[in-house]
Structures are given as structure tokens and as C-alpha cells.
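A.B. asks: What follows is the file target-v2.pdb, containing PDB, C-alpha atoms:
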ATOM      1  CA  MET B  28      95.781  91.227  62.624
ATOM      2  CA  VAL B  29      96.858  94.220  64.721
ATOM      3  CA  LEU B  30      93.972  96.307  63.409
ATOM      4  CA  SER B  31      91.407  93.610  64.188
ATOM      5  CA  TYR B  32      92.854  93.168  67.691
ATOM      6  CA  ARG B  33      92.710  96.906  68.382
ATOM      7  CA  ARG B  34      89.170  97.110  67.049
ATOM      8  CA  TRP B  35      88.054  94.221  69.310
ATOM      9  CA  VAL B  36      89.609  95.801  72.393
ATOM     10  CA  SER B  37      88.103  99.190  71.548
ATOM     11  CA  VAL B  38      84.610  97.752  71.040
ATOM     12  CA  PHE B  39      84.657  95.535  74.132
ATOM     13  CA  LEU B  40      86.158  98.015  76.574
ATOM     14  CA  SER B  41      84.784 101.340  75.314
ATOM     15  CA  VAL B  42      81.340 100.420  73.970
ATOM     16  CA  ARG B  43      78.306 102.614  74.606
ATOM     17  CA  PRO B  44      74.640 101.605  74.367
ATOM     18  CA  SER B  45      73.093 102.355  70.997
ATOM     19  CA  SER B  46      70.433  99.688  70.354
ATOM     20  CA  GLN B  47      68.247  97.029  71.895
ATOM     21  CA  ARG B  48      70.919  94.539  70.910
ATOM     22  CA  ASP B  49      73.454  96.452  73.024
ATOM     23  CA  THR B  50      71.039  96.354  75.953
ATOM     24  CA  ARG B  51      70.645  92.580  75.676
ATOM     25  CA  ARG B  52      74.409  92.222  75.486
ATOM     26  CA  GLY B  53      74.755  94.411  78.582
ATOM     27  CA  LEU B  54      72.272  92.272  80.504
ATOM     28  CA  ALA B  55      74.176  89.127  79.516
ATOM     29  CA  LEU B  56      77.515  90.648  80.566
ATOM     30  CA  CYS B  57      76.141  91.661  83.988
ATOM     31  CA  LEU B  58      74.736  88.171  84.542
ATOM     32  CA  ILE B  59      78.083  86.624  83.542
ATOM     33  CA  SER B  60      79.745  88.947  86.044
ATOM     34  CA  GLY B  61      77.355  87.945  88.817
ATOM     35  CA  ALA B  62      77.868  84.263  88.071
ATOM     36  CA  SER B  63      81.656  84.710  88.019
ATOM     37  CA  PHE B  64      81.664  86.498  91.372
ATOM     38  CA  GLY B  65      79.289  83.857  92.732
ATOM     39  CA  LEU B  66      81.748  81.057  91.947
ATOM     40  CA  ALA B  67      84.448  82.630  94.144
ATOM     41  CA  ALA B  68      83.380  80.754  97.272
ATOM     42  CA  VAL B  69      83.486  77.290  95.703
ATOM     43  CA  ILE B  70      86.794  77.960  93.913
ATOM     44  CA  ALA B  71      88.328  79.311  97.135
ATOM     45  CA  LYS B  72      87.167  76.305  99.161
ATOM     46  CA  GLU B  73      88.777  73.954  96.625
ATOM     47  CA  ALA B  74      91.986  75.991  96.792
ATOM     48  CA  PHE B  75      91.939  75.676 100.585
ATOM     49  CA  ARG B  76      91.542  71.908 100.218
ATOM     50  CA  SER B  77      94.647  71.807  98.020
ATOM     51  CA  GLY B  78      96.719  73.306 100.832
ATOM     52  CA  PHE B  79      96.511  77.062 100.340
ATOM     53  CA  ASN B  80      95.839  79.239 103.356
ATOM     54  CA  VAL B  81      93.867  82.489 103.134
ATOM     55  CA  GLU B  82      96.926  84.760 103.001
ATOM     56  CA  SER B  83      98.774  82.845 100.269
ATOM     57  CA  LEU B  84      95.656  82.408  98.154
ATOM     58  CA  LEU B  85      94.774  86.103  98.290
ATOM     59  CA  ALA B  86      98.367  87.195  97.576
ATOM     60  CA  GLY B  87      98.442  85.014  94.459
ATOM     61  CA  ARG B  88      94.975  86.149  93.391
ATOM     62  CA  PHE B  89      95.779  89.838  93.663
ATOM     63  CA  ALA B  90      99.158  89.454  91.921
ATOM     64  CA  LEU B  91      97.747  87.598  88.897
ATOM     65  CA  ALA B  92      94.755  89.943  88.679
ATOM     66  CA  ALA B  93      97.026  93.005  88.843
ATOM     67  CA  ILE B  94      99.103  91.690  85.927
ATOM     68  CA  ALA B  95      95.947  91.081  83.883
ATOM     69  CA  PHE B  96      94.536  94.546  84.607
ATOM     70  CA  TRP B  97      97.796  96.312  83.746
ATOM     71  CA  LEU B  98      97.749  94.465  80.395
ATOM     72  CA  ILE B  99      94.182  95.690  79.831
ATOM     73  CA  VAL B 100      95.201  99.250  80.731
ATOM     74  CA  ALA B 101      98.112  99.071  78.269
ATOM     75  CA  ALA B 102      95.831  97.737  75.523
ATOM     76  CA  ARG B 103      93.255 100.469  76.136
ATOM     77  CA  TRP B 104      95.972 103.131  76.091
ATOM     78  CA  LYS B 105      97.202 101.944  72.682
ATOM     79  CA  VAL B 106      93.791 101.901  71.016
ATOM     80  CA  ARG B 107      92.569 105.194  72.483
ATOM     81  CA  ASP B 108      92.692 108.345  70.359
ATOM     82  CA  PRO B 109      95.476 110.508  71.890
ATOM     83  CA  ALA B 110      93.177 113.515  71.720
ATOM     84  CA  ARG B 111      90.632 111.677  73.919
ATOM     85  CA  ARG B 112      92.962 110.140  76.462
ATOM     86  CA  LEU B 113      91.787 110.359  80.033
ATOM     87  CA  PRO B 114      93.830 112.613  82.329
ATOM     88  CA  ARG B 115      96.428 110.987  84.529
ATOM     89  CA  PRO B 116      95.264 110.550  88.142
ATOM     90  CA  SER B 117      96.381 113.160  90.639
ATOM     91  CA  TYR B 118      98.593 112.358  93.624
ATOM     92  CA  ARG B 119      95.548 112.457  95.929
ATOM     93  CA  THR B 120      93.664 110.036  93.688
ATOM     94  CA  LEU B 121      96.630 107.657  93.589
ATOM     95  CA  VAL B 122      96.868 107.704  97.400
ATOM     96  CA  MET B 123      93.151 106.950  97.699
ATOM     97  CA  ALA B 124      93.367 104.112  95.166
ATOM     98  CA  VAL B 125      96.382 102.592  96.918
ATOM     99  CA  GLY B 126      94.560 102.837 100.251
ATOM    100  CA  LEU B 127      91.501 101.129  98.777
ATOM    101  CA  GLY B 128      93.669  98.207  97.700
ATOM    102  CA  ALA B 129      96.134  97.937 100.579
ATOM    103  CA  VAL B 130      93.482  98.341 103.275
ATOM    104  CA  GLY B 131      89.934  98.128 101.888
ATOM    105  CA  TYR B 132      90.200  95.328  99.337
ATOM    106  CA  ALA B 133      92.777  93.369 101.336
ATOM    107  CA  PHE B 134      90.750  93.403 104.577
ATOM    108  CA  GLN B 135      87.408  92.780 102.866
ATOM    109  CA  SER B 136      88.767  89.732 101.060
ATOM    110  CA  ALA B 137      90.563  88.447 104.162
ATOM    111  CA  PHE B 138      87.364  88.702 106.223
ATOM    112  CA  TYR B 139      85.187  87.122 103.525
ATOM    113  CA  PHE B 140      87.424  84.180 102.684
ATOM    114  CA  GLY B 141      88.376  83.727 106.319
ATOM    115  CA  ALA B 142      84.665  83.356 107.066
ATOM    116  CA  LEU B 143      84.467  80.676 104.363
ATOM    117  CA  THR B 144      86.808  78.500 106.417
ATOM    118  CA  ARG B 145      84.321  78.606 109.311
ATOM    119  CA  LEU B 146      80.849  78.890 107.759
ATOM    120  CA  ASP B 147      78.932  77.480 104.807
ATOM    121  CA  ALA B 148      79.515  79.461 101.625
ATOM    122  CA  SER B 149      75.779  80.061 101.197
ATOM    123  CA  VAL B 150      75.502  81.803 104.579
ATOM    124  CA  VAL B 151      78.656  83.905 104.103
ATOM    125  CA  ALA B 152      77.509  85.135 100.682
ATOM    126  CA  GLN B 153      74.157  86.305 101.993
ATOM    127  CA  LEU B 154      75.617  87.938 105.100
ATOM    128  CA  LEU B 155      77.898  89.964 102.814
ATOM    129  CA  TYR B 156      74.870  91.427 101.067
ATOM    130  CA  ILE B 157      73.860  93.578 104.007
ATOM    131  CA  TYR B 158      76.544  96.010 102.779
ATOM    132  CA  PRO B 159      74.126  98.201 100.729
ATOM    133  CA  ALA B 160      72.178  98.926 103.921
ATOM    134  CA  LEU B 161      75.443  99.781 105.707
ATOM    135  CA  VAL B 162      76.380 102.139 102.867
ATOM    136  CA  LEU B 163      73.045 103.900 103.360
ATOM    137  CA  VAL B 164      73.561 104.172 107.129
ATOM    138  CA  ILE B 165      77.013 105.699 106.621
ATOM    139  CA  ALA B 166      75.624 108.171 104.073
ATOM    140  CA  VAL B 167      72.844 109.222 106.482
ATOM    141  CA  LEU B 168      75.303 109.672 109.362
ATOM    142  CA  ARG B 169      77.510 111.817 107.121
ATOM    143  CA  GLY B 170      74.543 113.921 106.037
ATOM    144  CA  ARG B 171      74.858 112.823 102.414
ATOM    145  CA  GLU B 172      71.488 111.021 102.337
ATOM    146  CA  SER B 173      68.102 111.650 103.923
ATOM    147  CA  LEU B 174      65.837 108.893 105.176
ATOM    148  CA  GLU B 175      62.759 108.251 103.060
ATOM    149  CA  ALA B 176      60.069 105.601 103.360
ATOM    150  CA  ARG B 177      61.738 103.512 100.640
ATOM    151  CA  LYS B 178      65.085 103.583 102.434
ATOM    152  CA  ILE B 179      63.573 102.806 105.832
ATOM    153  CA  ILE B 180      61.822  99.787 104.319
ATOM    154  CA  ALA B 181      65.115  98.630 102.821
ATOM    155  CA  LEU B 182      66.903  98.961 106.185
ATOM    156  CA  LEU B 183      64.147  97.006 107.932
ATOM    157  CA  CYS B 184      64.361  94.271 105.267
ATOM    158  CA  SER B 185      68.125  94.017 105.763
ATOM    159  CA  ALA B 186      67.779  93.863 109.545
ATOM    160  CA  LEU B 187      65.063  91.216 109.329
ATOM    161  CA  GLY B 188      67.099  89.233 106.810
ATOM    162  CA  LEU B 189      70.182  89.332 109.044
ATOM    163  CA  VAL B 190      68.197  88.076 112.046
ATOM    164  CA  LEU B 191      66.646  85.248 110.019
ATOM    165  CA  LEU B 192      69.969  84.198 108.501
ATOM    166  CA  LEU B 193      71.667  83.966 111.883
ATOM    167  CA  HIS B 194      68.715  82.463 113.738
ATOM    168  CA  GLY B 195      67.966  79.970 110.988
ATOM    169  CA  GLY B 196      71.317  78.214 111.339
ATOM    170  CA  ALA B 197      71.530  78.248 115.116
ATOM    171  CA  GLY B 198      69.617  75.050 115.557
ATOM    172  CA  ALA B 199      71.897  73.137 113.208
ATOM    173  CA  GLY B 200      74.967  74.098 115.204
ATOM    174  CA  SER B 201      76.691  75.279 112.036
ATOM    175  CA  MET B 202      77.176  78.866 113.147
ATOM    176  CA  SER B 203      80.644  79.912 114.250
ATOM    177  CA  LEU B 204      80.808  83.222 116.095
ATOM    178  CA  ALA B 205      84.224  83.965 114.564
ATOM    179  CA  GLY B 206      82.873  83.148 111.112
ATOM    180  CA  VAL B 207      79.823  85.364 111.577
ATOM    181  CA  LEU B 208      81.967  88.265 112.801
ATOM    182  CA  MET B 209      84.308  87.835 109.806
ATOM    183  CA  ALA B 210      81.382  87.815 107.357
ATOM    184  CA  LEU B 211      79.919  90.934 108.962
ATOM    185  CA  GLY B 212      83.404  92.472 108.960
ATOM    186  CA  ALA B 213      83.580  91.822 105.206
ATOM    187  CA  ALA B 214      80.238  93.594 104.733
ATOM    188  CA  GLY B 215      81.315  96.543 106.879
ATOM    189  CA  THR B 216      84.694  96.871 105.189
ATOM    190  CA  TYR B 217      83.072  96.741 101.748
ATOM    191  CA  ALA B 218      80.616  99.453 102.784
ATOM    192  CA  LEU B 219      83.525 101.677 103.813
ATOM    193  CA  TYR B 220      85.336 100.787 100.578
ATOM    194  CA  ILE B 221      82.339 101.942  98.519
ATOM    195  CA  THR B 222      82.003 105.129 100.571
ATOM    196  CA  VAL B 223      85.649 106.064  99.993
ATOM    197  CA  ALA B 224      85.530 105.018  96.334
ATOM    198  CA  GLY B 225      82.589 107.372  95.869
ATOM    199  CA  GLY B 226      85.002 110.270  96.430
ATOM    200  CA  LEU B 227      87.199 109.362  93.467
ATOM    201  CA  PRO B 228      87.044 111.563  90.340
ATOM    202  CA  ASP B 229      84.384 110.609  87.788
ATOM    203  CA  ASP B 230      86.919 110.648  84.956
ATOM    204  CA  LEU B 231      89.209 108.074  86.593
ATOM    205  CA  ASP B 232      89.555 105.066  84.312
ATOM    206  CA  LEU B 233      88.021 102.130  86.190
ATOM    207  CA  TYR B 234      90.415  99.559  84.704
ATOM    208  CA  LEU B 235      93.346 101.669  85.859
ATOM    209  CA  LEU B 236      91.706 101.853  89.281
ATOM    210  CA  ALA B 237      91.370  98.044  89.337
ATOM    211  CA  ALA B 238      95.054  97.661  88.383
ATOM    212  CA  ILE B 239      96.214 100.031  91.141
ATOM    213  CA  VAL B 240      93.908  98.507  93.751
ATOM    214  CA  CYS B 241      94.997  94.926  92.971
ATOM    215  CA  SER B 242      98.672  95.928  92.950
ATOM    216  CA  ALA B 243      98.377  97.628  96.346
ATOM    217  CA  ALA B 244      96.436  94.666  97.748
ATOM    218  CA  THR B 245      99.171  92.321  96.508
ATOM    219  CA  ILE B 246     101.878  94.246  98.350
ATOM    220  CA  SER B 247      99.765  94.490 101.511
ATOM    221  CA  VAL B 248      98.698  90.845 101.730
ATOM    222  CA  ALA B 249     101.953  89.327 100.462
ATOM    223  CA  GLY B 250     103.976  91.528 102.832
ATOM    224  CA  TYR B 251     101.866  90.474 105.810
ATOM    225  CA  ALA B 252     102.014  86.799 104.832
ATOM    226  CA  ALA B 253     105.792  86.892 104.348
ATOM    227  CA  ALA B 254     106.337  88.690 107.672
ATOM    228  CA  THR B 255     104.243  86.142 109.571
ATOM    229  CA  GLY B 256     105.605  83.103 107.743
ATOM    230  CA  ALA B 257     102.207  82.322 106.248
ATOM    231  CA  LEU B 258     103.262  82.642 102.594
ATOM    232  CA  HIS B 259     103.568  79.228 100.949
ATOM    233  CA  GLY B 260     102.353  77.200  97.995
ATOM    234  CA  PRO B 261      99.709  74.452  97.995
ATOM    235  CA  ARG B 262     100.349  70.857  99.076
ATOM    236  CA  HIS B 263      98.874  69.523  95.832
ATOM    237  CA  ALA B 264      99.692  70.612  92.285
ATOM    238  CA  SER B 265      95.984  71.125  91.572
ATOM    239  CA  GLY B 266      96.160  74.147  93.870
ATOM    240  CA  TRP B 267      97.929  76.177  91.185
ATOM    241  CA  LEU B 268      95.014  75.575  88.821
ATOM    242  CA  TRP B 269      92.534  76.689  91.475
ATOM    243  CA  LEU B 270      94.642  79.802  92.085
ATOM    244  CA  LEU B 271      94.599  80.646  88.368
ATOM    245  CA  LEU B 272      90.825  80.132  88.199
ATOM    246  CA  PHE B 273      90.395  82.230  91.353
ATOM    247  CA  ALA B 274      92.371  85.123  89.894
ATOM    248  CA  MET B 275      90.758  85.007  86.468
ATOM    249  CA  VAL B 276      87.082  84.024  86.899
ATOM    250  CA  PRO B 277      85.757  85.782  90.053
ATOM    251  CA  THR B 278      88.246  88.628  89.718
ATOM    252  CA  VAL B 279      89.330  89.656  86.205
ATOM    253  CA  VAL B 280      86.450  88.184  84.159
ATOM    254  CA  ALA B 281      83.888  89.285  86.749
ATOM    255  CA  ILE B 282      85.154  92.868  86.896
ATOM    256  CA  VAL B 283      85.666  93.308  83.149
ATOM    257  CA  THR B 284      82.209  91.948  82.264
ATOM    258  CA  PHE B 285      80.610  94.056  84.997
ATOM    259  CA  LEU B 286      82.206  97.275  83.763
ATOM    260  CA  ALA B 287      81.362  96.479  80.137
ATOM    261  CA  GLY B 288      77.771  95.631  81.078
ATOM    262  CA  LEU B 289      77.507  98.707  83.299
ATOM    263  CA  ARG B 290      78.219 100.957  80.336
ATOM    264  CA  LEU B 291      75.446  99.312  78.333
ATOM    265  CA  VAL B 292      72.581  99.067  80.846
ATOM    266  CA  GLY B 293      73.357 101.704  83.488
ATOM    267  CA  GLY B 294      74.048 101.624  87.197
ATOM    268  CA  SER B 295      70.690 100.634  88.702
ATOM    269  CA  VAL B 296      70.104  97.709  86.339
ATOM    270  CA  ALA B 297      73.685  96.469  86.740
ATOM    271  CA  ALA B 298      73.410  96.645  90.538
ATOM    272  CA  ILE B 299      70.150  94.702  90.622
ATOM    273  CA  LEU B 300      71.556  92.045  88.279
ATOM    274  CA  SER B 301      74.528  91.695  90.628
ATOM    275  CA  CYS B 302      72.061  90.106  93.073
ATOM    276  CA  SER B 303      72.574  86.952  91.003
ATOM    277  CA  GLU B 304      75.943  86.596  92.782
ATOM    278  CA  PRO B 305      74.667  85.122  96.081
ATOM    279  CA  VAL B 306      72.148  83.019  94.162
ATOM    280  CA  VAL B 307      74.991  81.422  92.182
ATOM    281  CA  THR B 308      77.032  80.986  95.372
ATOM    282  CA  VAL B 309      74.163  79.211  97.133
ATOM    283  CA  GLY B 310      73.411  77.057  94.088
ATOM    284  CA  SER B 311      77.017  76.043  93.430
ATOM    285  CA  ALA B 312      77.636  75.307  97.132
ATOM    286  CA  ALA B 313      74.526  73.144  97.237
ATOM    287  CA  LEU B 314      75.644  71.288  94.115
ATOM    288  CA  VAL B 315      79.280  70.734  95.117
ATOM    289  CA  TYR B 316      79.107  70.473  98.923
ATOM    290  CA  SER B 317      75.447  69.585  99.460
ATOM    291  CA  GLU B 318      75.023  72.732 101.563
ATOM    292  CA  ARG B 319      71.395  73.442 102.309
ATOM    293  CA  LEU B 320      69.798  76.554 103.735
ATOM    294  CA  THR B 321      66.923  76.153 106.150
ATOM    295  CA  LEU B 322      63.577  77.682 105.207
ATOM    296  CA  VAL B 323      64.194  80.481 107.724
ATOM    297  CA  GLN B 324      67.583  81.253 106.127
ATOM    298  CA  ILE B 325      66.060  81.262 102.654
ATOM    299  CA  LEU B 326      63.502  83.819 103.835
ATOM    300  CA  GLY B 327      66.354  85.838 105.344
ATOM    301  CA  GLY B 328      68.253  85.793 102.055
ATOM    302  CA  VAL B 329      65.153  86.925 100.158
ATOM    303  CA  ALA B 330      64.695  89.800 102.630
ATOM    304  CA  VAL B 331      68.326  90.913 102.212
ATOM    305  CA  LEU B 332      68.182  90.800  98.403
ATOM    306  CA  SER B 333      64.831  92.627  98.445
ATOM    307  CA  ALA B 334      66.495  95.429 100.379
ATOM    308  CA  VAL B 335      69.255  95.602  97.754
ATOM    309  CA  ALA B 336      66.711  95.900  94.947
ATOM    310  CA  VAL B 337      64.713  98.568  96.794
ATOM    311  CA  LEU B 338      67.832 100.659  97.411
ATOM    312  CA  GLN B 339      68.946 100.480  93.771
ATOM    313  CA  VAL B 340      65.699 101.649  92.175
ATOM    314  CA  ARG B 341      65.286 105.394  92.480
ATOM    315  CA  ARG B 342      61.859 106.944  92.190
ATOM    316  CA  ASN B 343      63.037 109.573  89.704
ATOM    317  CA  GLY B 344      64.401 106.899  87.373
ATOM    318  CA  GLN B 345      68.031 107.950  87.758
ATOM    319  CA  PRO B 346      70.562 105.128  88.008
ATOM    320  CA  ALA B 347      71.908 104.423  91.462
ATOM    321  CA  ALA B 348      75.607 104.787  92.051
ATOM    322  CA  VAL B 349      77.549 101.553  91.681
ATOM    323  CA  ALA B 350      81.089 101.151  92.921
ATOM    324  CA  THR B 351      83.551  99.108  90.954
ATOM    325  CA  PRO B 352      83.196  95.603  92.391
ATOM    326  CA  VAL B 353      86.842  95.068  93.135
TER     327      VAL B 353
END
Starting from the file, lay out its structure as C-alpha cells.
C.D. replies:
Amino acid sequence: MVLSYRRWVSVFLSVRPSSQRDTRRGLALCLISGASFGLAAVIAKEAFRSGFNVESLLAGRFALAAIAFWLIVAARWKVRDPARRLPRPSYRTLVMAVGLGAVGYAFQSAFYFGALTRLDASVVAQLLYIYPALVLVIAVLRGRESLEARKIIALLCSALGLVLLLHGGAGAGSMSLAGVLMALGAAGTYALYITVAGGLPDDLDLYLLAAIVCSAATISVAGYAAATGALHGPRHASGWLWLLLFAMVPTVVAIVTFLAGLRLVGGSVAAILSCSEPVVTVGSAALVYSERLTLVQILGGVAVLSAVAVLQVRRNGQPAAVATPV
């Protein structure tokens, strides 16, 4: 039993592509990840209905996810050949990882799920996806990237998509300025998160990174909530179930399947498949809450996702860099 368990963990968490079957499995894992991330908005809205506020929900999410990731790290450490163990992170790497969790992940999640309390989930999800264009802008300003025709087209698509998304909902009176600013804040914070994460060592174990980031985010969010008196449980018992689903499905399951799929299909393919996330969010919100995008907003969403796809496909065939989606 122990041997079979160790073999399963080793295969699932350390697999490398070796056949067409592995590629198909990688595609399926990336799509599962996108769908899991896409369900976050609906699960969070149901948790809010049960009586959770943003701070309490995020504190519980990060705490449960951190526990799960530390268990994964422990399992991987046991099955790994001691001669092939990854080096322990340096002090600088630990500080960066803690900062990513305590500041980057905490603020990005707070902005995103705060926006969900003011805007339709379908709009928030698509506004978030301007972050790849923001990552490019930051890289150009830092001198790390040069502008090419492909990148300029992607930036124009993102800008056009943003205008259409915001303009398309104005007539319906459903746009909240605070909600829009929070959604854009989530996109900006995530872009900065990816930029900083790009400076981490290549040999850093990504599951260990997820464990550290979630632990730091737990301390940050829970500390703030406790200090402001915002930390409390739900009004209805069903809230605990929604919290568990929130921590496991769009956090642990989504991240684990993404990383496993990433190793099988490569960065560019995994990034493009992650575009299924807003599609699932829009579809699930339409099904559960009868949210509907206007034709103008649909065109805006298509423009934003087109920009993502253009940025991820490199002309020389090399995979684009993909940050751990935590």
C-alpha cells in the first residue's frame, strides 16, 4: 500500500512528457485547471450569500490551501530520490515568496473578490484578463522586452477589449466604479505578482512556492481581518461547505492540475488553455445567476482573450513563460 501510494504521487507530481498519451493527459489537466479556476467566482458568491465577508473567506481559503500544499510538499519529499532533491530555497528566495503571498496574492484576491460583490462575475473575470498586456507593458518599461508588431497588436486588442467591456455595460447601469477599479486593481496586482515571480530561481519547487505563498497570505489576510474585527464565520452552516470547496477546487485542485499539465504540454500551450477560465466563469454565472453579457461585452471579451493568445505564441516556437497561477 505504501509503495503504490508513493508511486502514484511520484507519477502525478513529477511526470514528464514521453508520448502522445501524455500530451492528451496534459491537455486534459490544463482544461480541468481552467475550469476549476473559472468556478471560483460562483463558489465565492455563494459563500458571500451564506454570510462570509471577503476577509474571512480569503483567510479560510488560504489557510486550508496552505495545509494541503504543505502535505503535498511532504509527500513529494518522501518519494524523491535523496540524490535528486531540489536545493533548499535561499533567504532571499524565501523573502520574495513570503512577499508574493503576504502582499501580491493577498491584494490580488482581495481586489478580485471584492469586485465580485459589486459587479457581475462575467465582467470581473474578463477585466482580470488584461493582466498579460500589463505584464508586457511592465517588461517594456523595464527594458526586458522590445515592442514587435505581434506585441503591439496584442496591446491594441487588450485596450479595445477593455473599452468594449466597460462601455457595453454602461447602458444597463450595472457598472460600479468601485467594482471596476477593484477588478483593474486585481489585474494590475497580478501583473506585478508575475513580474516579481519571474525573478525566482528556476529550480525552486513550485509546490513549495505555493505552500509558502498561501501561508504568508493566510497570516496577512487573517491578521488584517482580526485587527479590524472583520474575522467571523458564516451565518449559515452551508458556508463552511462553500469555504471548503473554495479552498480545494479553484485553489488546490486548480494549481496542482495546472502544474502537472504544464510539465506535459509546455508553457505556451498551458497558458492558452488557461483562457478557458473566463469562459467557464461566464458560463457558470449565466447558468446560476442568469448573468448575460451584451453583444458589445462579448466582443470585448473575445478581443481580450485574442490578445492573450497572441502574446503566448512566440514566432520561434519557444514556450512563453507562465507564472504559477497562485
A.B. asks: Can you pull out the residues contacting region 120-128 of chain B? Cut-off 9 Å, using all atoms listed in the file, and skip same-chain residues under 2 positions away; I want them as an mmCIF file with C-alpha atoms, in the frame of the given file.
C.D. replies:
data_model
loop_
_atom_site.group_PDB
_atom_site.id
_atom_site.type_symbol
_atom_site.label_atom_id
_atom_site.label_comp_id
_atom_site.auth_asym_id
_atom_site.auth_seq_id
_atom_site.Cartn_x
_atom_site.Cartn_y
_atom_site.Cartn_z
ATOM 1 C CA PRO B 116 95.264 110.550 88.142
ATOM 2 C CA SER B 117 96.381 113.160 90.639
ATOM 3 C CA TYR B 118 98.593 112.358 93.624
ATOM 4 C CA VAL B 130 93.482 98.341 103.275
ATOM 5 C CA GLY B 131 89.934 98.128 101.888
ATOM 6 C CA TYR B 132 90.200 95.328 99.337
ATOM 7 C CA ALA B 133 92.777 93.369 101.336
ATOM 8 C CA PHE B 134 90.750 93.403 104.577
ATOM 9 C CA TYR B 220 85.336 100.787 100.578
ATOM 10 C CA VAL B 223 85.649 106.064 99.993
ATOM 11 C CA ALA B 224 85.530 105.018 96.334
ATOM 12 C CA GLY B 226 85.002 110.270 96.430
ATOM 13 C CA LEU B 227 87.199 109.362 93.467
ATOM 14 C CA PRO B 228 87.044 111.563 90.340
ATOM 15 C CA LEU B 231 89.209 108.074 86.593
ATOM 16 C CA LEU B 236 91.706 101.853 89.281
ATOM 17 C CA ALA B 237 91.370 98.044 89.337
ATOM 18 C CA ILE B 239 96.214 100.031 91.141
ATOM 19 C CA VAL B 240 93.908 98.507 93.751
ATOM 20 C CA CYS B 241 94.997 94.926 92.971
ATOM 21 C CA SER B 242 98.672 95.928 92.950
ATOM 22 C CA ALA B 243 98.377 97.628 96.346
ATOM 23 C CA ALA B 244 96.436 94.666 97.748
ATOM 24 C CA THR B 245 99.171 92.321 96.508
ATOM 25 C CA SER B 247 99.765 94.490 101.511
ATOM 26 C CA VAL B 353 86.842 95.068 93.135
#
A.B. asks: For Ala249 (chain B), work out the shell of residues within 10 Å, counting only C-alpha atoms and skipping chain neighbours fewer than 4 positions away, then give it as a PyMOL selection string.
C.D. replies: chain B and resi 82-87+89-90+243-245+253-255+257-258
A.B. asks: Could you tell me, as an MDAnalysis selection string, exactly which residues end up selected when the PyMOL selection byres ((chain B and resi 305) around 8) is applied to this structure?
C.D. replies: chainID B and resid 65 149 152:153 302:304 306:309
A.B. asks: Can you work out the spacing between CA of Gly266 (chain B) and CA of Val81 (chain B) in Å, to one decimal?
C.D. replies: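 Pair CA of Gly266 (chain B) / CA of Val81 (chain B) returns 12.7 Å.
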A.B. asks: Would you mind reading off the distance between CA of Gly310 (chain B) and CA of Pro159 (chain B), one decimal, in Å?
C.D. replies: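 It comes out at 22.2 Å.
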A.B. asks: Which of these residues is nearest to Leu332 (chain B), using only C-alpha atoms: B:Leu233, B:Leu155, B:Ile282, B:Ala101?
C.D. replies: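 Residue with the minimum atom-to-atom distance to Leu332 (chain B): B:Leu155.
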A.B. asks: Which one of B:Gly53, B:Ile94, B:Ala214, B:Ala148 sits closest to Val315 (chain B) if you count all atoms listed in the file?
C.D. replies: B:Ala148
A.B. asks: Using only C-alpha atoms, which residues sit within 9 Å of Ala297 (chain B) once same-chain residues fewer than 6 positions away are excluded, as a CSV table (one decimal) with C-alpha atoms, keeping the file's coordinate frame?
C.D. replies:
chain,number,residue,atom,x,y,z
B,53,GLY,CA,74.8,94.4,78.6
B,54,LEU,CA,72.3,92.3,80.5
B,57,CYS,CA,76.1,91.7,84.0
B,58,LEU,CA,74.7,88.2,84.5
B,285,PHE,CA,80.6,94.1,85.0
B,288,GLY,CA,77.8,95.6,81.1
B,289,LEU,CA,77.5,98.7,83.3
B,349,VAL,CA,77.5,101.6,91.7
A.B. asks: State, in Å with one decimal place, the distance from CA of Gly215 (chain B) to CA of Val162 (chain B).
C.D. replies: 8.5 Å
A.B. asks: Determine the residue set returned by the PyMOL selection byres ((chain B and resi 179-193) around 7) for the present structure, and present it as a PDB file with C-alpha atoms, in the coordinates of the input.
C.D. replies:
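Below you can see out-v5.pdb, which holds the result:
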ATOM      1  CA  LEU B 154      75.617  87.938 105.100  1.00  0.00           C
ATOM      2  CA  ILE B 157      73.860  93.578 104.007  1.00  0.00           C
ATOM      3  CA  ALA B 160      72.178  98.926 103.921  1.00  0.00           C
ATOM      4  CA  LEU B 174      65.837 108.893 105.176  1.00  0.00           C
ATOM      5  CA  GLU B 175      62.759 108.251 103.060  1.00  0.00           C
ATOM      6  CA  ALA B 176      60.069 105.601 103.360  1.00  0.00           C
ATOM      7  CA  ARG B 177      61.738 103.512 100.640  1.00  0.00           C
ATOM      8  CA  LYS B 178      65.085 103.583 102.434  1.00  0.00           C
ATOM      9  CA  HIS B 194      68.715  82.463 113.738  1.00  0.00           C
ATOM     10  CA  GLY B 195      67.966  79.970 110.988  1.00  0.00           C
ATOM     11  CA  GLY B 196      71.317  78.214 111.339  1.00  0.00           C
ATOM     12  CA  ALA B 197      71.530  78.248 115.116  1.00  0.00           C
ATOM     13  CA  VAL B 323      64.194  80.481 107.724  1.00  0.00           C
ATOM     14  CA  GLN B 324      67.583  81.253 106.127  1.00  0.00           C
ATOM     15  CA  GLY B 327      66.354  85.838 105.344  1.00  0.00           C
ATOM     16  CA  GLY B 328      68.253  85.793 102.055  1.00  0.00           C
ATOM     17  CA  ALA B 330      64.695  89.800 102.630  1.00  0.00           C
ATOM     18  CA  VAL B 331      68.326  90.913 102.212  1.00  0.00           C
ATOM     19  CA  ALA B 334      66.495  95.429 100.379  1.00  0.00           C
ATOM     20  CA  VAL B 337      64.713  98.568  96.794  1.00  0.00           C
ATOM     21  CA  LEU B 338      67.832 100.659  97.411  1.00  0.00           C
TER      22      LEU B 338
END
A.B. asks: Taking all atoms listed in the file into account, which of B:Trp97, B:Phe273, B:Trp267, B:Trp104 comes nearest Gly78 (chain B)?
C.D. replies: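 The answer is B:Trp267, which sits nearest to Gly78 (chain B).
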A.B. asks: Under the PyMOL selection byres ((chain B and resi 63) around 9), which residues of this model are included? Write them out as a VMD selection string.
C.D. replies: chain B and resid 58 to 62 64 to 67 276 to 278 280 to 282 304 307
A.B. asks: For Glu73 (chain B), which residue among B:Leu168, B:Asp229, B:Phe140, B:Gly212 is the nearest when counting all atoms listed in the file?
C.D. replies: B:Phe140
A.B. asks: Name the residues in contact with Leu91 (chain B) at a cut-off of 8 Å, using all atoms listed in the file, excluding same-chain residues fewer than 6 positions from it; report them as a PyMOL selection string.
C.D. replies: chain B and resi 271+274-275
